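S.K.: Sharing query_15.cif, mmCIF, C-alpha atoms:
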data_final
loop_
_atom_site.label_atom_id
_atom_site.label_comp_id
_atom_site.auth_asym_id
_atom_site.auth_seq_id
_atom_site.Cartn_x
_atom_site.Cartn_y
_atom_site.Cartn_z
CA MET C 1 -34.49 71.09 114.80
CA THR C 2 -31.89 72.93 112.77
CA GLN C 3 -31.79 71.83 109.17
CA ALA C 4 -28.48 73.62 108.62
CA ASN C 5 -26.54 70.70 110.04
CA THR C 6 -28.32 68.08 107.99
CA HIS C 7 -26.50 66.65 105.00
CA THR C 8 -28.04 64.28 102.53
CA ILE C 9 -25.38 61.87 101.51
CA GLN C 10 -27.01 59.40 99.16
CA THR C 11 -30.29 58.20 97.73
CA LEU C 12 -31.21 54.83 96.22
CA GLN C 13 -34.44 53.78 94.56
CA ILE C 14 -35.32 50.15 94.07
CA GLN C 15 -38.39 48.31 92.82
CA SER C 16 -40.35 46.43 95.46
CA LYS C 17 -38.81 43.01 94.85
CA THR C 18 -37.32 40.84 97.58
CA GLU C 19 -34.44 39.91 95.26
CA LEU C 20 -33.24 43.52 95.51
CA LEU C 21 -33.00 43.50 99.32
CA ALA C 22 -29.37 42.42 99.07
CA ASP C 23 -28.54 45.51 96.93
CA MET C 24 -30.27 47.73 99.47
CA ARG C 25 -28.30 46.13 102.31
CA THR C 26 -25.01 46.68 100.49
CA PHE C 27 -25.88 50.33 99.80
CA VAL C 28 -26.79 51.11 103.41
CA SER C 29 -23.99 49.14 105.05
CA GLU C 30 -21.30 50.73 102.87
CA ALA C 31 -22.54 54.20 103.76
CA ALA C 32 -22.75 53.35 107.48
CA ARG C 33 -19.22 51.92 107.43
CA ASP C 34 -17.88 55.00 105.61
CA PHE C 35 -19.58 57.19 108.19
CA GLY C 36 -17.52 55.52 110.92
CA PHE C 37 -19.76 52.89 112.50
CA ALA C 38 -18.14 49.74 113.90
CA GLU C 39 -19.04 46.46 112.18
CA SER C 40 -21.55 45.47 114.89
CA ASP C 41 -23.49 48.70 114.35
CA VAL C 42 -23.23 48.41 110.55
CA GLY C 43 -24.90 44.99 110.91
CA LYS C 44 -27.70 46.43 113.04
CA ILE C 45 -28.43 49.27 110.60
CA GLU C 46 -28.34 46.87 107.63
CA LEU C 47 -30.82 44.51 109.29
CA ALA C 48 -33.18 47.31 110.37
CA ILE C 49 -33.34 48.66 106.80
CA ASP C 50 -33.89 45.15 105.41
CA GLU C 51 -36.82 44.70 107.82
CA ALA C 52 -38.33 48.07 106.87
CA CYS C 53 -38.05 47.37 103.13
CA THR C 54 -39.37 43.82 103.55
CA ASN C 55 -42.45 45.19 105.32
CA ILE C 56 -43.00 47.69 102.51
CA ILE C 57 -42.73 44.96 99.84
CA LYS C 58 -45.08 42.66 101.75
CA HIS C 59 -47.63 45.00 103.27
CA ALA C 60 -47.51 48.37 101.45
CA TYR C 61 -47.08 46.94 97.94
CA ARG C 62 -48.36 43.41 98.62
CA TYR C 63 -45.59 41.96 96.45
CA ASN C 64 -46.46 44.15 93.45
CA PRO C 65 -42.99 44.52 91.87
CA ASP C 66 -43.88 47.83 90.20
CA GLY C 67 -43.80 49.73 93.50
CA ILE C 68 -40.86 52.03 94.18
CA ILE C 69 -38.95 52.19 97.45
CA GLU C 70 -36.69 55.18 97.95
CA VAL C 71 -34.05 55.24 100.65
CA ARG C 72 -32.45 58.55 101.55
CA LEU C 73 -29.42 58.66 103.80
CA SER C 74 -28.42 61.79 105.66
CA THR C 75 -26.38 62.84 108.64
CA GLN C 76 -27.10 65.43 111.29
CA ARG C 77 -25.15 67.00 114.09
CA ASP C 78 -27.52 67.82 116.87
CA ASP C 79 -25.74 69.20 119.95
CA ALA C 80 -23.72 66.28 121.22
CA LEU C 81 -25.39 63.71 118.95
CA ILE C 82 -24.13 62.69 115.55
CA LYS C 83 -27.00 61.00 113.75
CA PHE C 84 -27.10 58.66 110.77
CA ILE C 85 -30.60 59.03 109.37
CA VAL C 86 -32.31 56.63 107.00
CA GLU C 87 -35.63 57.77 105.53
CA ILE C 88 -37.60 55.28 103.49
CA PHE C 89 -40.45 56.34 101.22
CA ASP C 90 -43.08 54.28 99.45
CA SER C 91 -46.36 54.95 97.66
CA GLY C 92 -48.17 51.80 98.78
CA LEU C 93 -50.82 51.18 101.44
CA SER C 94 -50.22 53.16 104.62
CA PHE C 95 -49.23 51.55 107.88
CA ASP C 96 -51.20 52.96 110.79
CA SER C 97 -48.68 52.88 113.61
CA SER C 98 -51.22 54.32 116.08
CA HIS C 99 -52.95 50.92 116.11
CA TYR C 100 -49.71 49.00 116.48
CA THR C 101 -48.62 47.51 119.78
CA ALA C 102 -45.40 45.54 119.99
CA PRO C 103 -45.99 41.88 120.84
CA ASP C 104 -45.06 40.57 124.28
CA MET C 105 -42.45 37.99 123.28
CA THR C 106 -43.31 35.50 126.06
CA GLU C 107 -46.91 35.53 124.86
CA TYR C 108 -45.73 35.40 121.26
CA PHE C 109 -43.83 32.17 121.87
CA ARG C 110 -46.56 30.67 124.06
CA LYS C 111 -49.03 31.07 121.21
CA LEU C 112 -46.42 30.02 118.62
CA ARG C 113 -47.17 32.99 116.41
CA HIS C 114 -45.08 33.89 113.42
CA GLY C 115 -44.53 37.07 111.43
CA GLY C 116 -44.67 40.61 112.74
CA LEU C 117 -41.13 40.58 114.10
CA GLY C 118 -39.74 43.21 111.73
CA ILE C 119 -40.91 46.23 113.70
CA VAL C 120 -39.77 44.68 116.99
CA LEU C 121 -36.30 44.28 115.50
CA MET C 122 -36.21 47.79 113.99
CA ARG C 123 -36.97 49.28 117.41
CA LYS C 124 -34.32 47.18 119.14
CA LEU C 125 -31.64 47.84 116.52
CA MET C 126 -32.04 51.59 116.02
CA ASP C 127 -32.09 54.56 118.41
CA GLU C 128 -35.17 56.17 116.83
CA VAL C 129 -37.91 54.71 114.64
CA ALA C 130 -40.78 56.90 113.48
CA PHE C 131 -43.56 56.21 111.01
CA GLY C 132 -44.42 59.52 109.44
CA PRO C 133 -47.79 60.50 108.07
CA ALA C 134 -48.17 60.05 104.34
CA VAL C 135 -46.95 63.26 102.68
CA GLY C 136 -47.75 63.88 99.03
CA GLY C 137 -49.08 60.35 98.77
CA ARG C 138 -45.89 58.80 100.14
CA ASN C 139 -45.44 56.92 103.40
CA THR C 140 -42.29 57.60 105.40
CA ILE C 141 -40.28 55.62 107.90
CA ARG C 142 -37.41 57.41 109.61
CA LEU C 143 -34.77 55.31 111.33
CA VAL C 144 -31.89 56.91 113.20
CA LYS C 145 -28.69 55.48 114.67
CA TYR C 146 -26.37 57.61 116.82
CA LEU C 147 -22.68 57.42 116.12
CA PRO C 148 -20.93 56.54 119.39
CA ALA C 149 -18.72 59.41 120.54
CA SER C 150 -15.58 57.26 120.44
CA SER C 151 -16.08 56.66 116.68
CA ALA C 152 -16.55 60.33 115.77
CA MET L 1 -29.25 39.08 94.63
CA SER L 2 -28.88 36.99 97.80
CA GLU L 3 -27.01 33.72 97.72
CA PHE L 4 -28.48 31.04 99.90
CA SER L 5 -28.58 27.27 100.00
CA VAL L 6 -29.73 24.49 102.31
CA GLY L 7 -27.86 21.19 102.36
CA VAL L 8 -29.44 18.21 104.11
CA ARG L 9 -27.51 15.41 105.83
CA GLN L 10 -28.85 12.49 107.81
CA ARG L 11 -27.27 11.38 111.08
CA ASP L 12 -29.11 8.37 112.42
CA THR L 13 -32.71 9.56 112.95
CA VAL L 14 -31.69 13.21 112.87
CA SER L 15 -31.79 15.46 109.81
CA ILE L 16 -29.18 18.20 109.69
CA PHE L 17 -29.99 21.31 107.65
CA GLU L 18 -26.82 23.17 106.73
CA LEU L 19 -27.60 26.80 105.91
CA LYS L 20 -25.23 28.77 103.77
CA GLY L 21 -25.18 32.43 102.73
CA TYR L 22 -27.87 35.02 103.30
CA LEU L 23 -31.30 34.20 104.69
CA ASP L 24 -33.78 37.02 104.05
CA ALA L 25 -37.33 37.48 102.72
CA HIS L 26 -36.12 36.50 99.26
CA THR L 27 -34.41 33.26 100.24
CA ALA L 28 -36.63 32.17 103.18
CA PRO L 29 -39.06 30.28 100.88
CA GLU L 30 -36.25 27.86 100.06
CA LEU L 31 -35.83 26.96 103.73
CA GLU L 32 -39.60 26.74 104.05
CA LYS L 33 -39.67 24.21 101.20
CA THR L 34 -36.98 22.08 102.86
CA PHE L 35 -38.95 21.99 106.13
CA GLN L 36 -42.17 21.21 104.30
CA ASN L 37 -40.61 18.29 102.42
CA HIS L 38 -39.23 16.89 105.65
CA LEU L 39 -42.52 17.12 107.48
CA ASN L 40 -44.28 15.49 104.53
CA GLU L 41 -41.89 12.56 104.95
CA SER L 42 -42.62 12.47 108.69
CA ARG L 43 -39.10 13.40 109.66
CA PHE L 44 -39.37 15.50 112.79
CA ASN L 45 -35.91 15.44 114.40
CA ILE L 46 -34.17 18.43 112.91
CA VAL L 47 -30.93 20.24 113.70
CA VAL L 48 -30.34 23.50 111.85
CA ASN L 49 -26.58 24.15 111.57
CA PHE L 50 -25.87 27.86 111.02
CA SER L 51 -22.07 27.65 110.68
CA ASP L 52 -21.99 28.95 107.08
CA LEU L 53 -24.85 31.41 107.43
CA SER L 54 -23.62 35.00 107.14
CA TYR L 55 -26.90 36.85 107.60
CA ILE L 56 -30.44 36.32 108.87
CA SER L 57 -33.48 38.60 108.96
CA SER L 58 -36.80 38.00 110.70
CA ALA L 59 -38.08 36.23 107.58
CA GLY L 60 -35.72 33.37 108.44
CA LEU L 61 -36.84 33.28 112.06
CA GLY L 62 -40.42 33.26 110.83
CA VAL L 63 -39.80 29.96 109.02
CA LEU L 64 -38.68 28.34 112.28
CA MET L 65 -41.83 29.63 114.01
CA GLN L 66 -43.99 28.33 111.18
CA PHE L 67 -42.97 24.69 111.69
CA ILE L 68 -42.18 24.36 115.40
CA GLU L 69 -45.73 23.52 116.46
CA ASP L 70 -46.15 20.75 113.90
CA VAL L 71 -42.74 19.28 114.68
CA ARG L 72 -43.32 19.22 118.45
CA GLN L 73 -46.81 17.77 118.11
CA ASN L 74 -45.10 14.86 116.38
CA GLU L 75 -42.62 14.45 119.21
CA GLY L 76 -39.77 15.95 117.28
CA ASP L 77 -37.92 19.19 117.73
CA ILE L 78 -36.01 21.87 115.83
CA LYS L 79 -32.67 22.44 117.55
CA LEU L 80 -30.21 25.10 116.44
CA SER L 81 -26.41 25.05 116.41
CA ASN L 82 -23.15 26.71 115.35
CA MET L 83 -24.36 30.30 115.14
CA SER L 84 -21.92 33.15 114.60
CA PRO L 85 -22.23 35.92 117.22
CA ARG L 86 -23.93 38.10 114.62
CA VAL L 87 -26.63 35.55 113.82
CA TYR L 88 -27.08 34.60 117.49
CA ASN L 89 -27.60 38.26 118.35
CA VAL L 90 -30.73 38.42 116.16
CA PHE L 91 -32.21 35.33 117.85
CA ASP L 92 -31.30 36.71 121.25
CA LEU L 93 -32.78 40.18 120.60
CA LEU L 94 -36.14 38.56 119.88
CA GLY L 95 -36.00 36.15 122.81
CA PHE L 96 -35.81 32.97 120.70
CA PRO L 97 -33.70 31.13 123.31
CA MET L 98 -36.99 30.94 125.30
CA LEU L 99 -38.43 28.57 122.73
CA TYR L 100 -35.48 26.90 120.97
CA GLU L 101 -32.46 25.05 122.28
CA ILE L 102 -29.35 26.62 120.79
CA PHE L 103 -26.07 24.68 120.93
CA ASP L 104 -22.50 25.76 120.22
CA ASP L 105 -21.92 22.56 118.35
CA GLU L 106 -23.98 20.28 116.07
CA GLU L 107 -22.68 17.24 117.98
CA GLU L 108 -24.40 18.32 121.19
CA ALA L 109 -27.69 19.00 119.40
CA VAL L 110 -27.67 15.60 117.68
CA GLY L 111 -26.70 13.93 120.97
CA LYS L 112 -29.73 15.45 122.65
CA PHE L 113 -32.03 13.67 120.17
CA LEU L 114 -30.18 10.35 120.22
CA ASN L 115 -29.84 10.15 124.00
CA LYS L 116 -33.53 10.85 124.32
CA SER L 117 -34.47 7.97 122.01
CA ASP L 118 -32.02 5.56 123.68
CA ASN L 119 -33.81 3.24 125.99
CA PRO L 120 -31.19 1.86 128.34
CA SER L 121 -32.30 -1.26 130.15
#
Taking this structure as input, can you express it in the form of structure tokens?

M.R.:
Amino acid sequence: MTQANTHTIQTLQIQSKTELLADMRTFVSEAARDFGFAESDVGKIELAIDEACTNIIKHAYRYNPDGIIEVRLSTQRDDALIKFIVEIFDSGLSFDSSHYTAPDMTEYFRKLRHGGLGIVLMRKLMDEVAFGPAVGGRNTIRLVKYLPASSA
Amino acid sequence: MSEFSVGVRQRDTVSIFELKGYLDAHTAPELEKTFQNHLNESRFNIVVNFSDLSYISSAGLGVLMQFIEDVRQNEGDIKLSNMSPRVYNVFDLLGFPMLYEIFDDEEEAVGKFLNKSDNPS
């Protein structure tokens, strides 16, 4: 991967409080819109980031409002692909994605389960979702959406 | 800060929940409370009207999952109506139309309850 074509555009830090999810959504959707995404894709990115931050508040920080969530937006031109990259960092409990399997939705509804839909949505809404190993005590989630060629 | 409200109307034996604004992890507890109050009063015929809802995350869908079993065990149902394409897309992505009846219009959803309880002789 060439780092030369990566540009960090903006960073936002919020406390881990659900009441701040709306601010986070506004921040990400404005940047995605400015970058050239159509409204339907802006909506998908906004929802994916909401789901990621909600999981951090609930599971990594267990609703402790003192936790910090940092969202870093960058863009990358990678051959033919133009990528909008959202990296989210937290210092809470780690999520071990190696033990995670996505639920089978038919089974999910048969058993009338609830919860656990955030990751399913993130994977459906974004082109890439990766849970990075904790680096320097921080967990990382990297979500990427490709800008359709017609919008570039 | 998200703006969200739930208005409740009664149409015959059917309760209509009118959702307005943004339904996320912050505002979902308010919808949860409305469902809980209804179930406590043994009202199990519920139509959720989404016409004024601008946004939903999985926290909102989780509330529907939380109460569906209880409602159906009591011979009621949660039916959904008037979703914008954006809101419907979230339900559709997760396969919710497998479990919930989703109507274009509140009228049809209410009709489904009332026709069922009619006992023509």

S.K.: Set the distance at 12 Å and use all atoms listed in the file: which residues neighbour Ile88 of chain C once local chain neighbours fewer than 6 positions away are removed? I'd like the list as a CSV table (one decimal) with C-alpha atoms, keeping the file's coordinate frame.

M.R.:
chain,number,residue,atom,x,y,z
C,11,THR,CA,-30.3,58.2,97.7
C,12,LEU,CA,-31.2,54.8,96.2
C,13,GLN,CA,-34.4,53.8,94.6
C,14,ILE,CA,-35.3,50.2,94.1
C,24,MET,CA,-30.3,47.7,99.5
C,28,VAL,CA,-26.8,51.1,103.4
C,48,ALA,CA,-33.2,47.3,110.4
C,49,ILE,CA,-33.3,48.7,106.8
C,50,ASP,CA,-33.9,45.2,105.4
C,51,GLU,CA,-36.8,44.7,107.8
C,52,ALA,CA,-38.3,48.1,106.9
C,53,CYS,CA,-38.0,47.4,103.1
C,54,THR,CA,-39.4,43.8,103.6
C,55,ASN,CA,-42.4,45.2,105.3
C,56,ILE,CA,-43.0,47.7,102.5
C,68,ILE,CA,-40.9,52.0,94.2
C,69,ILE,CA,-39.0,52.2,97.4
C,70,GLU,CA,-36.7,55.2,98.0
C,71,VAL,CA,-34.0,55.2,100.6
C,72,ARG,CA,-32.4,58.6,101.6
C,73,LEU,CA,-29.4,58.7,103.8
C,74,SER,CA,-28.4,61.8,105.7
C,129,VAL,CA,-37.9,54.7,114.6
C,130,ALA,CA,-40.8,56.9,113.5
C,131,PHE,CA,-43.6,56.2,111.0
C,132,GLY,CA,-44.4,59.5,109.4
C,134,ALA,CA,-48.2,60.0,104.3
C,138,ARG,CA,-45.9,58.8,100.1
C,139,ASN,CA,-45.4,56.9,103.4
C,140,THR,CA,-42.3,57.6,105.4
C,141,ILE,CA,-40.3,55.6,107.9
C,142,ARG,CA,-37.4,57.4,109.6
C,143,LEU,CA,-34.8,55.3,111.3
C,144,VAL,CA,-31.9,56.9,113.2

S.K.: Closest to Asp70 of chain L among L:Leu39, L:Val87, L:Leu94, L:Val48, using all atoms listed in the file?

M.R.: L:Leu39

S.K.: Any chance you could work out the residue set of the PyMOL selection byres ((chain C) within 9 of (chain L)) here, as a PyMOL selection string?

M.R.: chain C and resi 17-23+40+43+47-48+50-51+54+105-106+109-110+112-118+120-121+124-125

S.K.: What's the separation between atom CA of Glu107 of chain L and atom CA of Tyr108 of chain C, in Å to one decimal place?

M.R.: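 We find that atom CA of Glu107 of chain L and atom CA of Tyr108 of chain C lie 29.5 Å from each other.
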
S.K.: Suppose you want the space between atom CA of Thr6 of chain C and atom CA of Arg77 of chain C; what is it in Å?

M.R.: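 Separation of atom CA of Thr6 of chain C and atom CA of Arg77 of chain C: 7.0 Å.
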
S.K.: Record the distance separating atom CA of Met126 of chain C and atom CA of Ala149 of chain C, expressed in Å with one decimal.

M.R.: 16.1 Å

S.K.: To box segment 29-38 of chain L, take all atoms listed in the file, fit an axis-aligned box, add 6 Å on each side, and give centre and edge lengths in Å to one decimal, as JSON.

M.R.:
{"center_x": -39.0, "center_y": 23.6, "center_z": 103.1, "size_x": 18.3, "size_y": 25.4, "size_z": 18.1}

S.K.: Would you mind telling me which residue in L:Gly76, L:Asn82, L:Ser42, L:Tyr88 lies nearest to Glu106 of chain L when using all atoms listed in the file?

M.R.: L:Asn82

S.K.: Set the distance at 10 Å and use only C-alpha atoms: which residues neighbour Ala31 of chain C once local chain neighbours fewer than 5 positions away are removed? I'd like the list as a list of chain:residue names.

M.R.: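 Selected residues are C:Ile9, C:Gln10, C:Thr26, C:Gly36, C:Phe37, C:Val42, C:Leu73, C:Ser74, C:Phe84.
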